[in-house]
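J.: Enclosed is the structure file coords.pdb (PDB, N, CA and C atoms and all ligand atoms).
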MODEL        1
ATOM      1  N   MET A 206      89.603  76.256 105.453  1.00  0.00           N
ATOM      2  CA  MET A 206      90.477  77.375 105.041  1.00  0.00           C
ATOM      3  C   MET A 206      90.337  78.518 106.037  1.00  0.00           C
ATOM      4  N   LYS A 207      91.457  79.081 106.421  1.00  0.00           N
ATOM      5  CA  LYS A 207      91.446  80.142 107.418  1.00  0.00           C
ATOM      6  C   LYS A 207      92.318  81.300 106.939  1.00  0.00           C
ATOM      7  N   THR A 208      91.868  82.511 107.214  1.00  0.00           N
ATOM      8  CA  THR A 208      92.651  83.704 106.859  1.00  0.00           C
ATOM      9  C   THR A 208      93.046  84.430 108.134  1.00  0.00           C
ATOM     10  N   VAL A 209      94.326  84.747 108.261  1.00  0.00           N
ATOM     11  CA  VAL A 209      94.797  85.520 109.414  1.00  0.00           C
ATOM     12  C   VAL A 209      95.565  86.733 108.900  1.00  0.00           C
ATOM     13  N   THR A 210      95.554  87.781 109.685  1.00  0.00           N
ATOM     14  CA  THR A 210      96.327  88.974 109.361  1.00  0.00           C
ATOM     15  C   THR A 210      97.185  89.322 110.571  1.00  0.00           C
ATOM     16  N   TYR A 211      98.476  89.394 110.334  1.00  0.00           N
ATOM     17  CA  TYR A 211      99.416  89.673 111.424  1.00  0.00           C
ATOM     18  C   TYR A 211     100.120  90.998 111.194  1.00  0.00           C
ATOM     19  N   SER A 212     100.400  91.672 112.271  1.00  0.00           N
ATOM     20  CA  SER A 212     101.250  92.852 112.229  1.00  0.00           C
ATOM     21  C   SER A 212     102.698  92.395 112.400  1.00  0.00           C
ATOM     22  N   VAL A 213     103.544  92.745 111.436  1.00  0.00           N
ATOM     23  CA  VAL A 213     104.957  92.354 111.469  1.00  0.00           C
ATOM     24  C   VAL A 213     105.802  93.625 111.343  1.00  0.00           C
ATOM     25  N   PRO A 214     106.190  94.210 112.485  1.00  0.00           N
ATOM     26  CA  PRO A 214     106.853  95.521 112.471  1.00  0.00           C
ATOM     27  C   PRO A 214     108.197  95.541 111.743  1.00  0.00           C
ATOM     28  N   ASN A 215     108.849  94.396 111.588  1.00  0.00           N
ATOM     29  CA  ASN A 215     110.170  94.378 110.954  1.00  0.00           C
ATOM     30  C   ASN A 215     110.136  94.514 109.436  1.00  0.00           C
ATOM     31  N   ILE A 216     108.979  94.602 108.832  1.00  0.00           N
ATOM     32  CA  ILE A 216     108.928  94.784 107.380  1.00  0.00           C
ATOM     33  C   ILE A 216     109.364  96.210 107.047  1.00  0.00           C
ATOM     34  N   ASN A 217     110.481  96.321 106.335  1.00  0.00           N
ATOM     35  CA  ASN A 217     111.013  97.647 106.021  1.00  0.00           C
ATOM     36  C   ASN A 217     111.155  97.926 104.535  1.00  0.00           C
ATOM     37  N   CYS A 218     111.200  96.899 103.723  1.00  0.00           N
ATOM     38  CA  CYS A 218     111.425  97.128 102.301  1.00  0.00           C
ATOM     39  C   CYS A 218     110.870  95.965 101.503  1.00  0.00           C
ATOM     40  N   MET A 219     111.000  96.069 100.178  1.00  0.00           N
ATOM     41  CA  MET A 219     110.455  95.022  99.318  1.00  0.00           C
ATOM     42  C   MET A 219     111.192  93.696  99.489  1.00  0.00           C
ATOM     43  N   HIS A 220     112.443  93.779  99.952  1.00  0.00           N
ATOM     44  CA  HIS A 220     113.155  92.539 100.210  1.00  0.00           C
ATOM     45  C   HIS A 220     112.496  91.774 101.346  1.00  0.00           C
ATOM     46  N   CYS A 221     112.110  92.469 102.382  1.00  0.00           N
ATOM     47  CA  CYS A 221     111.400  91.841 103.498  1.00  0.00           C
ATOM     48  C   CYS A 221     110.106  91.198 102.999  1.00  0.00           C
ATOM     49  N   VAL A 222     109.376  91.949 102.193  1.00  0.00           N
ATOM     50  CA  VAL A 222     108.106  91.446 101.651  1.00  0.00           C
ATOM     51  C   VAL A 222     108.356  90.154 100.882  1.00  0.00           C
ATOM     52  N   HIS A 223     109.383  90.173 100.037  1.00  0.00           N
ATOM     53  CA  HIS A 223     109.689  89.007  99.218  1.00  0.00           C
ATOM     54  C   HIS A 223     110.101  87.810 100.086  1.00  0.00           C
ATOM     55  N   THR A 224     110.958  88.067 101.074  1.00  0.00           N
ATOM     56  CA  THR A 224     111.424  86.987 101.949  1.00  0.00           C
ATOM     57  C   THR A 224     110.247  86.337 102.677  1.00  0.00           C
ATOM     58  N   ILE A 225     109.390  87.157 103.242  1.00  0.00           N
ATOM     59  CA  ILE A 225     108.242  86.626 103.987  1.00  0.00           C
ATOM     60  C   ILE A 225     107.336  85.818 103.070  1.00  0.00           C
ATOM     61  N   GLN A 226     107.045  86.376 101.906  1.00  0.00           N
ATOM     62  CA  GLN A 226     106.136  85.675 100.999  1.00  0.00           C
ATOM     63  C   GLN A 226     106.716  84.348 100.545  1.00  0.00           C
ATOM     64  N   THR A 227     108.015  84.330 100.262  1.00  0.00           N
ATOM     65  CA  THR A 227     108.648  83.097  99.801  1.00  0.00           C
ATOM     66  C   THR A 227     108.697  82.052 100.903  1.00  0.00           C
ATOM     67  N   GLU A 228     109.112  82.464 102.096  1.00  0.00           N
ATOM     68  CA  GLU A 228     109.284  81.507 103.201  1.00  0.00           C
ATOM     69  C   GLU A 228     107.938  80.954 103.686  1.00  0.00           C
ATOM     70  N   VAL A 229     106.975  81.833 103.860  1.00  0.00           N
ATOM     71  CA  VAL A 229     105.686  81.370 104.381  1.00  0.00           C
ATOM     72  C   VAL A 229     104.965  80.504 103.347  1.00  0.00           C
ATOM     73  N   ALA A 230     105.126  80.837 102.080  1.00  0.00           N
ATOM     74  CA  ALA A 230     104.484  80.042 101.029  1.00  0.00           C
ATOM     75  C   ALA A 230     105.005  78.604 101.004  1.00  0.00           C
ATOM     76  N   ASP A 231     106.212  78.397 101.536  1.00  0.00           N
ATOM     77  CA  ASP A 231     106.805  77.063 101.573  1.00  0.00           C
ATOM     78  C   ASP A 231     106.215  76.168 102.662  1.00  0.00           C
ATOM     79  N   VAL A 232     105.453  76.749 103.590  1.00  0.00           N
ATOM     80  CA  VAL A 232     104.840  75.938 104.646  1.00  0.00           C
ATOM     81  C   VAL A 232     103.703  75.121 104.034  1.00  0.00           C
ATOM     82  N   GLN A 233     103.724  73.837 104.302  1.00  0.00           N
ATOM     83  CA  GLN A 233     102.708  72.962 103.738  1.00  0.00           C
ATOM     84  C   GLN A 233     101.326  73.343 104.256  1.00  0.00           C
ATOM     85  N   GLY A 234     100.392  73.569 103.357  1.00  0.00           N
ATOM     86  CA  GLY A 234      99.039  73.953 103.732  1.00  0.00           C
ATOM     87  C   GLY A 234      98.752  75.427 103.507  1.00  0.00           C
ATOM     88  N   VAL A 235      99.803  76.236 103.333  1.00  0.00           N
ATOM     89  CA  VAL A 235      99.597  77.666 103.087  1.00  0.00           C
ATOM     90  C   VAL A 235      99.155  77.868 101.636  1.00  0.00           C
ATOM     91  N   GLN A 236      98.040  78.579 101.470  1.00  0.00           N
ATOM     92  CA  GLN A 236      97.477  78.802 100.131  1.00  0.00           C
ATOM     93  C   GLN A 236      97.974  80.105  99.527  1.00  0.00           C
ATOM     94  N   SER A 237      98.035  81.160 100.347  1.00  0.00           N
ATOM     95  CA  SER A 237      98.508  82.440  99.808  1.00  0.00           C
ATOM     96  C   SER A 237      99.078  83.303 100.919  1.00  0.00           C
ATOM     97  N   VAL A 238     100.013  84.158 100.542  1.00  0.00           N
ATOM     98  CA  VAL A 238     100.666  85.073 101.479  1.00  0.00           C
ATOM     99  C   VAL A 238     100.763  86.433 100.810  1.00  0.00           C
ATOM    100  N   LYS A 239     100.272  87.450 101.498  1.00  0.00           N
ATOM    101  CA  LYS A 239     100.426  88.809 100.982  1.00  0.00           C
ATOM    102  C   LYS A 239     101.021  89.672 102.081  1.00  0.00           C
ATOM    103  N   ALA A 240     102.252  90.102 101.866  1.00  0.00           N
ATOM    104  CA  ALA A 240     102.892  90.999 102.821  1.00  0.00           C
ATOM    105  C   ALA A 240     102.825  92.410 102.246  1.00  0.00           C
ATOM    106  N   ASP A 241     102.560  93.379 103.104  1.00  0.00           N
ATOM    107  CA  ASP A 241     102.428  94.765 102.652  1.00  0.00           C
ATOM    108  C   ASP A 241     103.440  95.646 103.355  1.00  0.00           C
ATOM    109  N   GLN A 242     104.263  96.315 102.546  1.00  0.00           N
ATOM    110  CA  GLN A 242     105.333  97.145 103.088  1.00  0.00           C
ATOM    111  C   GLN A 242     104.786  98.376 103.804  1.00  0.00           C
ATOM    112  N   ALA A 243     103.764  98.998 103.244  1.00  0.00           N
ATOM    113  CA  ALA A 243     103.236 100.247 103.808  1.00  0.00           C
ATOM    114  C   ALA A 243     102.572 100.021 105.165  1.00  0.00           C
ATOM    115  N   THR A 244     101.779  98.982 105.274  1.00  0.00           N
ATOM    116  CA  THR A 244     101.040  98.748 106.520  1.00  0.00           C
ATOM    117  C   THR A 244     101.786  97.819 107.463  1.00  0.00           C
ATOM    118  N   ARG A 245     102.839  97.138 106.959  1.00  0.00           N
ATOM    119  CA  ARG A 245     103.579  96.139 107.728  1.00  0.00           C
ATOM    120  C   ARG A 245     102.650  95.046 108.269  1.00  0.00           C
ATOM    121  N   MET A 246     101.737  94.660 107.400  1.00  0.00           N
ATOM    122  CA  MET A 246     100.821  93.581 107.723  1.00  0.00           C
ATOM    123  C   MET A 246     101.060  92.419 106.762  1.00  0.00           C
ATOM    124  N   VAL A 247     100.788  91.206 107.261  1.00  0.00           N
ATOM    125  CA  VAL A 247     100.897  90.015 106.426  1.00  0.00           C
ATOM    126  C   VAL A 247      99.575  89.268 106.509  1.00  0.00           C
ATOM    127  N   GLU A 248      98.979  89.015 105.349  1.00  0.00           N
ATOM    128  CA  GLU A 248      97.740  88.254 105.293  1.00  0.00           C
ATOM    129  C   GLU A 248      98.045  86.872 104.729  1.00  0.00           C
ATOM    130  N   ILE A 249      97.623  85.863 105.484  1.00  0.00           N
ATOM    131  CA  ILE A 249      97.948  84.486 105.115  1.00  0.00           C
ATOM    132  C   ILE A 249      96.672  83.653 105.087  1.00  0.00           C
ATOM    133  N   VAL A 250      96.492  82.921 104.008  1.00  0.00           N
ATOM    134  CA  VAL A 250      95.373  81.989 103.885  1.00  0.00           C
ATOM    135  C   VAL A 250      95.955  80.585 103.951  1.00  0.00           C
ATOM    136  N   PHE A 251      95.403  79.757 104.848  1.00  0.00           N
ATOM    137  CA  PHE A 251      95.992  78.430 105.010  1.00  0.00           C
ATOM    138  C   PHE A 251      94.957  77.393 105.405  1.00  0.00           C
ATOM    139  N   ASP A 252      95.385  76.172 105.329  1.00  0.00           N
ATOM    140  CA  ASP A 252      94.603  75.006 105.681  1.00  0.00           C
ATOM    141  C   ASP A 252      95.542  74.042 106.389  1.00  0.00           C
ATOM    142  N   ALA A 253      95.010  73.015 107.059  1.00  0.00           N
ATOM    143  CA  ALA A 253      95.858  71.988 107.646  1.00  0.00           C
ATOM    144  C   ALA A 253      96.735  71.391 106.551  1.00  0.00           C
ATOM    145  N   PRO A 254      97.976  70.998 106.864  1.00  0.00           N
ATOM    146  CA  PRO A 254      98.580  70.908 108.201  1.00  0.00           C
ATOM    147  C   PRO A 254      99.171  72.222 108.729  1.00  0.00           C
ATOM    148  N   ALA A 255      99.043  73.314 108.015  1.00  0.00           N
ATOM    149  CA  ALA A 255      99.544  74.585 108.550  1.00  0.00           C
ATOM    150  C   ALA A 255      98.635  75.036 109.695  1.00  0.00           C
ATOM    151  N   ASP A 256      99.219  75.703 110.665  1.00  0.00           N
ATOM    152  CA  ASP A 256      98.414  76.333 111.704  1.00  0.00           C
ATOM    153  C   ASP A 256      99.120  77.605 112.172  1.00  0.00           C
ATOM    154  N   GLU A 257      98.427  78.371 112.990  1.00  0.00           N
ATOM    155  CA  GLU A 257      98.981  79.675 113.386  1.00  0.00           C
ATOM    156  C   GLU A 257     100.299  79.536 114.138  1.00  0.00           C
ATOM    157  N   ALA A 258     100.405  78.502 114.967  1.00  0.00           N
ATOM    158  CA  ALA A 258     101.635  78.317 115.746  1.00  0.00           C
ATOM    159  C   ALA A 258     102.828  78.086 114.822  1.00  0.00           C
ATOM    160  N   LYS A 259     102.632  77.265 113.799  1.00  0.00           N
ATOM    161  CA  LYS A 259     103.730  76.977 112.859  1.00  0.00           C
ATOM    162  C   LYS A 259     104.116  78.214 112.073  1.00  0.00           C
ATOM    163  N   ILE A 260     103.109  78.956 111.636  1.00  0.00           N
ATOM    164  CA  ILE A 260     103.383  80.154 110.838  1.00  0.00           C
ATOM    165  C   ILE A 260     104.110  81.193 111.687  1.00  0.00           C
ATOM    166  N   LYS A 261     103.634  81.395 112.910  1.00  0.00           N
ATOM    167  CA  LYS A 261     104.281  82.377 113.792  1.00  0.00           C
ATOM    168  C   LYS A 261     105.700  81.946 114.157  1.00  0.00           C
ATOM    169  N   ALA A 262     105.898  80.656 114.342  1.00  0.00           N
ATOM    170  CA  ALA A 262     107.239  80.156 114.671  1.00  0.00           C
ATOM    171  C   ALA A 262     108.186  80.407 113.502  1.00  0.00           C
ATOM    172  N   LEU A 263     107.704  80.173 112.292  1.00  0.00           N
ATOM    173  CA  LEU A 263     108.538  80.409 111.114  1.00  0.00           C
ATOM    174  C   LEU A 263     108.884  81.896 110.995  1.00  0.00           C
ATOM    175  N   LEU A 264     107.898  82.754 111.155  1.00  0.00           N
ATOM    176  CA  LEU A 264     108.156  84.197 111.040  1.00  0.00           C
ATOM    177  C   LEU A 264     109.181  84.648 112.080  1.00  0.00           C
ATOM    178  N   ALA A 265     109.092  84.110 113.280  1.00  0.00           N
ATOM    179  CA  ALA A 265     110.076  84.453 114.313  1.00  0.00           C
ATOM    180  C   ALA A 265     111.466  83.970 113.924  1.00  0.00           C
ATOM    181  N   GLU A 266     111.514  82.761 113.349  1.00  0.00           N
ATOM    182  CA  GLU A 266     112.779  82.137 112.954  1.00  0.00           C
ATOM    183  C   GLU A 266     113.499  82.950 111.870  1.00  0.00           C
ATOM    184  N   ILE A 267     112.744  83.543 110.967  1.00  0.00           N
ATOM    185  CA  ILE A 267     113.377  84.324 109.890  1.00  0.00           C
ATOM    186  C   ILE A 267     113.473  85.810 110.248  1.00  0.00           C
ATOM    187  N   ASN A 268     113.312  86.098 111.526  1.00  0.00           N
ATOM    188  CA  ASN A 268     113.475  87.465 112.068  1.00  0.00           C
ATOM    189  C   ASN A 268     112.380  88.450 111.670  1.00  0.00           C
ATOM    190  N   TYR A 269     111.195  87.916 111.454  1.00  0.00           N
ATOM    191  CA  TYR A 269     110.024  88.772 111.267  1.00  0.00           C
ATOM    192  C   TYR A 269     108.930  88.361 112.247  1.00  0.00           C
ATOM    193  N   PRO A 270     109.201  88.497 113.557  1.00  0.00           N
ATOM    194  CA  PRO A 270     108.213  88.054 114.526  1.00  0.00           C
ATOM    195  C   PRO A 270     106.919  88.873 114.440  1.00  0.00           C
ATOM    196  N   VAL A 271     105.829  88.192 114.725  1.00  0.00           N
ATOM    197  CA  VAL A 271     104.509  88.834 114.762  1.00  0.00           C
ATOM    198  C   VAL A 271     104.429  89.684 116.024  1.00  0.00           C
ATOM    199  N   ALA A 272     103.896  90.882 115.889  1.00  0.00           N
ATOM    200  CA  ALA A 272     103.726  91.754 117.048  1.00  0.00           C
ATOM    201  C   ALA A 272     102.729  91.132 118.025  1.00  0.00           C
ATOM    202  N   ALA A 273     103.009  91.303 119.308  1.00  0.00           N
ATOM    203  CA  ALA A 273     102.143  90.696 120.327  1.00  0.00           C
ATOM    204  C   ALA A 273     100.770  91.359 120.349  1.00  0.00           C
TER     205      ALA A 273
HETATM  206 CU    CU B   1     113.655  94.726 103.990  1.00  0.00          CU
ENDMDL
END
Reformat the file's structure so that it appears as structure tokens.
Ligand SMILES: [Cu+2]
T.:
Amino acid sequence: MKTVTYSVPNINCMHCVHTIQTEVADVQGVQSVKADQATRMVEIVFDAPADEAKIKALLAEINYPVAA
């Protein structure tokens, strides 16, 4: 089990939070997703077959890319 925290600058409202949480939770292996509107951070707990590359690719695909 691994926990990562990403900065996602495109989080602007609760809709963004909801979209991110719903989409990332659908990735196989993801255990939990917490997106925070105030800090624009996303905390994700996951296990294989999920990995950071897949999660970051998904976030980019739904227009919430992780800050470099
Ligand atoms: Cu929004």
J.: Measure the distance from atom C of A:Phe251 to atom C of A:Ile225 in Å and round it to one decimal.
T.: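 About the pair atom C of A:Phe251 and atom C of A:Ile225: they are 15.2 Å apart.
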J.: Write as a PyMOL selection string the residues around ligand CU 1 (chain B), taking 6 Å as the cut-off and counting only N, CA and C atoms and all ligand atoms.
T.: chain A and resi 216-222
J.: Out of chain A, which residues get strand (DSSP E) from DSSP, as a PyMOL selection string?
T.: chain A and resi 207-212+235-241+246-251
J.: Please return as a tab-separated table (two decimals) with N, CA and C atoms, in the coordinates of the input every residue within 10 Å of (99.5, 92.6, 103.9), taking into account only C-alpha atoms and the file's own coordinates.
T.:
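Output contents, as saved in point.tsv:
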chain	number	residue	atom	x	y	z
A	210	THR	N	95.55	87.78	109.68
A	210	THR	CA	96.33	88.97	109.36
A	210	THR	C	97.18	89.32	110.57
A	211	TYR	N	98.48	89.39	110.33
A	211	TYR	CA	99.42	89.67	111.42
A	211	TYR	C	100.12	91.00	111.19
A	212	SER	N	100.40	91.67	112.27
A	212	SER	CA	101.25	92.85	112.23
A	212	SER	C	102.70	92.40	112.40
A	213	VAL	N	103.54	92.74	111.44
A	213	VAL	CA	104.96	92.35	111.47
A	213	VAL	C	105.80	93.62	111.34
A	222	VAL	N	109.38	91.95	102.19
A	222	VAL	CA	108.11	91.45	101.65
A	222	VAL	C	108.36	90.15	100.88
A	238	VAL	N	100.01	84.16	100.54
A	238	VAL	CA	100.67	85.07	101.48
A	238	VAL	C	100.76	86.43	100.81
A	239	LYS	N	100.27	87.45	101.50
A	239	LYS	CA	100.43	88.81	100.98
A	239	LYS	C	101.02	89.67	102.08
A	240	ALA	N	102.25	90.10	101.87
A	240	ALA	CA	102.89	91.00	102.82
A	240	ALA	C	102.82	92.41	102.25
A	241	ASP	N	102.56	93.38	103.10
A	241	ASP	CA	102.43	94.76	102.65
A	241	ASP	C	103.44	95.65	103.36
A	242	GLN	N	104.26	96.32	102.55
A	242	GLN	CA	105.33	97.14	103.09
A	242	GLN	C	104.79	98.38	103.80
A	243	ALA	N	103.76	99.00	103.24
A	243	ALA	CA	103.24	100.25	103.81
A	243	ALA	C	102.57	100.02	105.16
A	244	THR	N	101.78	98.98	105.27
A	244	THR	CA	101.04	98.75	106.52
A	244	THR	C	101.79	97.82	107.46
A	245	ARG	N	102.84	97.14	106.96
A	245	ARG	CA	103.58	96.14	107.73
A	245	ARG	C	102.65	95.05	108.27
A	246	MET	N	101.74	94.66	107.40
A	246	MET	CA	100.82	93.58	107.72
A	246	MET	C	101.06	92.42	106.76
A	247	VAL	N	100.79	91.21	107.26
A	247	VAL	CA	100.90	90.02	106.43
A	247	VAL	C	99.58	89.27	106.51
A	248	GLU	N	98.98	89.02	105.35
A	248	GLU	CA	97.74	88.25	105.29
A	248	GLU	C	98.04	86.87	104.73
A	249	ILE	N	97.62	85.86	105.48
A	249	ILE	CA	97.95	84.49	105.12
A	249	ILE	C	96.67	83.65	105.09
J.: For a cut-off of 7 Å around (92.7, 73.6, 100.7), file coordinates, pick out all residues using all atoms listed in the file and list them as number ranges by chain.
T.: A: 206, 234, 251-253
J.: Nearest to A:Gln236: which of A:Pro214, A:His223, A:Lys207, A:Glu257 is it, counting only C-alpha atoms?
T.: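 Distance minimum relative to A:Gln236 lands on A:Lys207.
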J.: Run the PyMOL selection byres (((chain A and resi 233) around 5) and not hetatm) mentally over the shown coordinates, then write out the matched residues as number ranges by chain, using the chain letters and numbers from the document.
T.: A: 231-232, 234-235, 254-255
J.: Please compute the atom N of A:Ala273-atom N of A:Ser237 distance, one decimal, in Å.
T.: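 Straight-line distance from atom N of A:Ala273 to atom N of A:Ser237 works out to 22.1 Å.
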J.: Between atom C of A:Glu266 and atom C of A:Ala230, what is the distance, to one decimal in Å?
T.: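 Value for the atom C of A:Glu266-atom C of A:Ala230 distance: 14.5 Å.
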J.: Using all atoms of stretch 258-264 of chain A listed in the file and a margin of 6 Å per side, can you give the axis-aligned box centre and edge lengths in Å to one decimal, as JSON?
T.:
{"center_x": 104.8, "center_y": 80.8, "center_z": 113.3, "size_x": 20.8, "size_y": 19.7, "size_z": 16.9}
J.: DSSP says alpha helix (DSSP H) for which residues of chain A? Put them as a list in words?
T.: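 These are the residues in question: Met219, His220, Cys221, Val222, His223, Thr224, Ile225, Gln226, Thr227, Glu228, Val229, Ala230, Glu257, Ala258, Lys259, Ile260, Lys261, Ala262, Leu263, Leu264, Ala265 and Glu266 of chain A.
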J.: May I have the selected residues written with N, CA and C atoms, as an mmCIF file, keeping the file's coordinate frame?
T.:
data_model
loop_
_atom_site.group_PDB
_atom_site.id
_atom_site.type_symbol
_atom_site.label_atom_id
_atom_site.label_comp_id
_atom_site.auth_asym_id
_atom_site.auth_seq_id
_atom_site.Cartn_x
_atom_site.Cartn_y
_atom_site.Cartn_z
ATOM 1 N N MET A 219 111.000 96.069 100.178
ATOM 2 C CA MET A 219 110.455 95.022 99.318
ATOM 3 C C MET A 219 111.192 93.696 99.489
ATOM 4 N N HIS A 220 112.443 93.779 99.952
ATOM 5 C CA HIS A 220 113.155 92.539 100.210
ATOM 6 C C HIS A 220 112.496 91.774 101.346
ATOM 7 N N CYS A 221 112.110 92.469 102.382
ATOM 8 C CA CYS A 221 111.400 91.841 103.498
ATOM 9 C C CYS A 221 110.106 91.198 102.999
ATOM 10 N N VAL A 222 109.376 91.949 102.193
ATOM 11 C CA VAL A 222 108.106 91.446 101.651
ATOM 12 C C VAL A 222 108.356 90.154 100.882
ATOM 13 N N HIS A 223 109.383 90.173 100.037
ATOM 14 C CA HIS A 223 109.689 89.007 99.218
ATOM 15 C C HIS A 223 110.101 87.810 100.086
ATOM 16 N N THR A 224 110.958 88.067 101.074
ATOM 17 C CA THR A 224 111.424 86.987 101.949
ATOM 18 C C THR A 224 110.247 86.337 102.677
ATOM 19 N N ILE A 225 109.390 87.157 103.242
ATOM 20 C CA ILE A 225 108.242 86.626 103.987
ATOM 21 C C ILE A 225 107.336 85.818 103.070
ATOM 22 N N GLN A 226 107.045 86.376 101.906
ATOM 23 C CA GLN A 226 106.136 85.675 100.999
ATOM 24 C C GLN A 226 106.716 84.348 100.545
ATOM 25 N N THR A 227 108.015 84.330 100.262
ATOM 26 C CA THR A 227 108.648 83.097 99.801
ATOM 27 C C THR A 227 108.697 82.052 100.903
ATOM 28 N N GLU A 228 109.112 82.464 102.096
ATOM 29 C CA GLU A 228 109.284 81.507 103.201
ATOM 30 C C GLU A 228 107.938 80.954 103.686
ATOM 31 N N VAL A 229 106.975 81.833 103.860
ATOM 32 C CA VAL A 229 105.686 81.370 104.381
ATOM 33 C C VAL A 229 104.965 80.504 103.347
ATOM 34 N N ALA A 230 105.126 80.837 102.080
ATOM 35 C CA ALA A 230 104.484 80.042 101.029
ATOM 36 C C ALA A 230 105.005 78.604 101.004
ATOM 37 N N GLU A 257 98.427 78.371 112.990
ATOM 38 C CA GLU A 257 98.981 79.675 113.386
ATOM 39 C C GLU A 257 100.299 79.536 114.138
ATOM 40 N N ALA A 258 100.405 78.502 114.967
ATOM 41 C CA ALA A 258 101.635 78.317 115.746
ATOM 42 C C ALA A 258 102.828 78.086 114.822
ATOM 43 N N LYS A 259 102.632 77.265 113.799
ATOM 44 C CA LYS A 259 103.730 76.977 112.859
ATOM 45 C C LYS A 259 104.116 78.214 112.073
ATOM 46 N N ILE A 260 103.109 78.956 111.636
ATOM 47 C CA ILE A 260 103.383 80.154 110.838
ATOM 48 C C ILE A 260 104.110 81.193 111.687
ATOM 49 N N LYS A 261 103.634 81.395 112.910
ATOM 50 C CA LYS A 261 104.281 82.377 113.792
ATOM 51 C C LYS A 261 105.700 81.946 114.157
ATOM 52 N N ALA A 262 105.898 80.656 114.342
ATOM 53 C CA ALA A 262 107.239 80.156 114.671
ATOM 54 C C ALA A 262 108.186 80.407 113.502
ATOM 55 N N LEU A 263 107.704 80.173 112.292
ATOM 56 C CA LEU A 263 108.538 80.409 111.114
ATOM 57 C C LEU A 263 108.884 81.896 110.995
ATOM 58 N N LEU A 264 107.898 82.754 111.155
ATOM 59 C CA LEU A 264 108.156 84.197 111.040
ATOM 60 C C LEU A 264 109.181 84.648 112.080
ATOM 61 N N ALA A 265 109.092 84.110 113.280
ATOM 62 C CA ALA A 265 110.076 84.453 114.313
ATOM 63 C C ALA A 265 111.466 83.970 113.924
ATOM 64 N N GLU A 266 111.514 82.761 113.349
ATOM 65 C CA GLU A 266 112.779 82.137 112.954
ATOM 66 C C GLU A 266 113.499 82.950 111.870
#
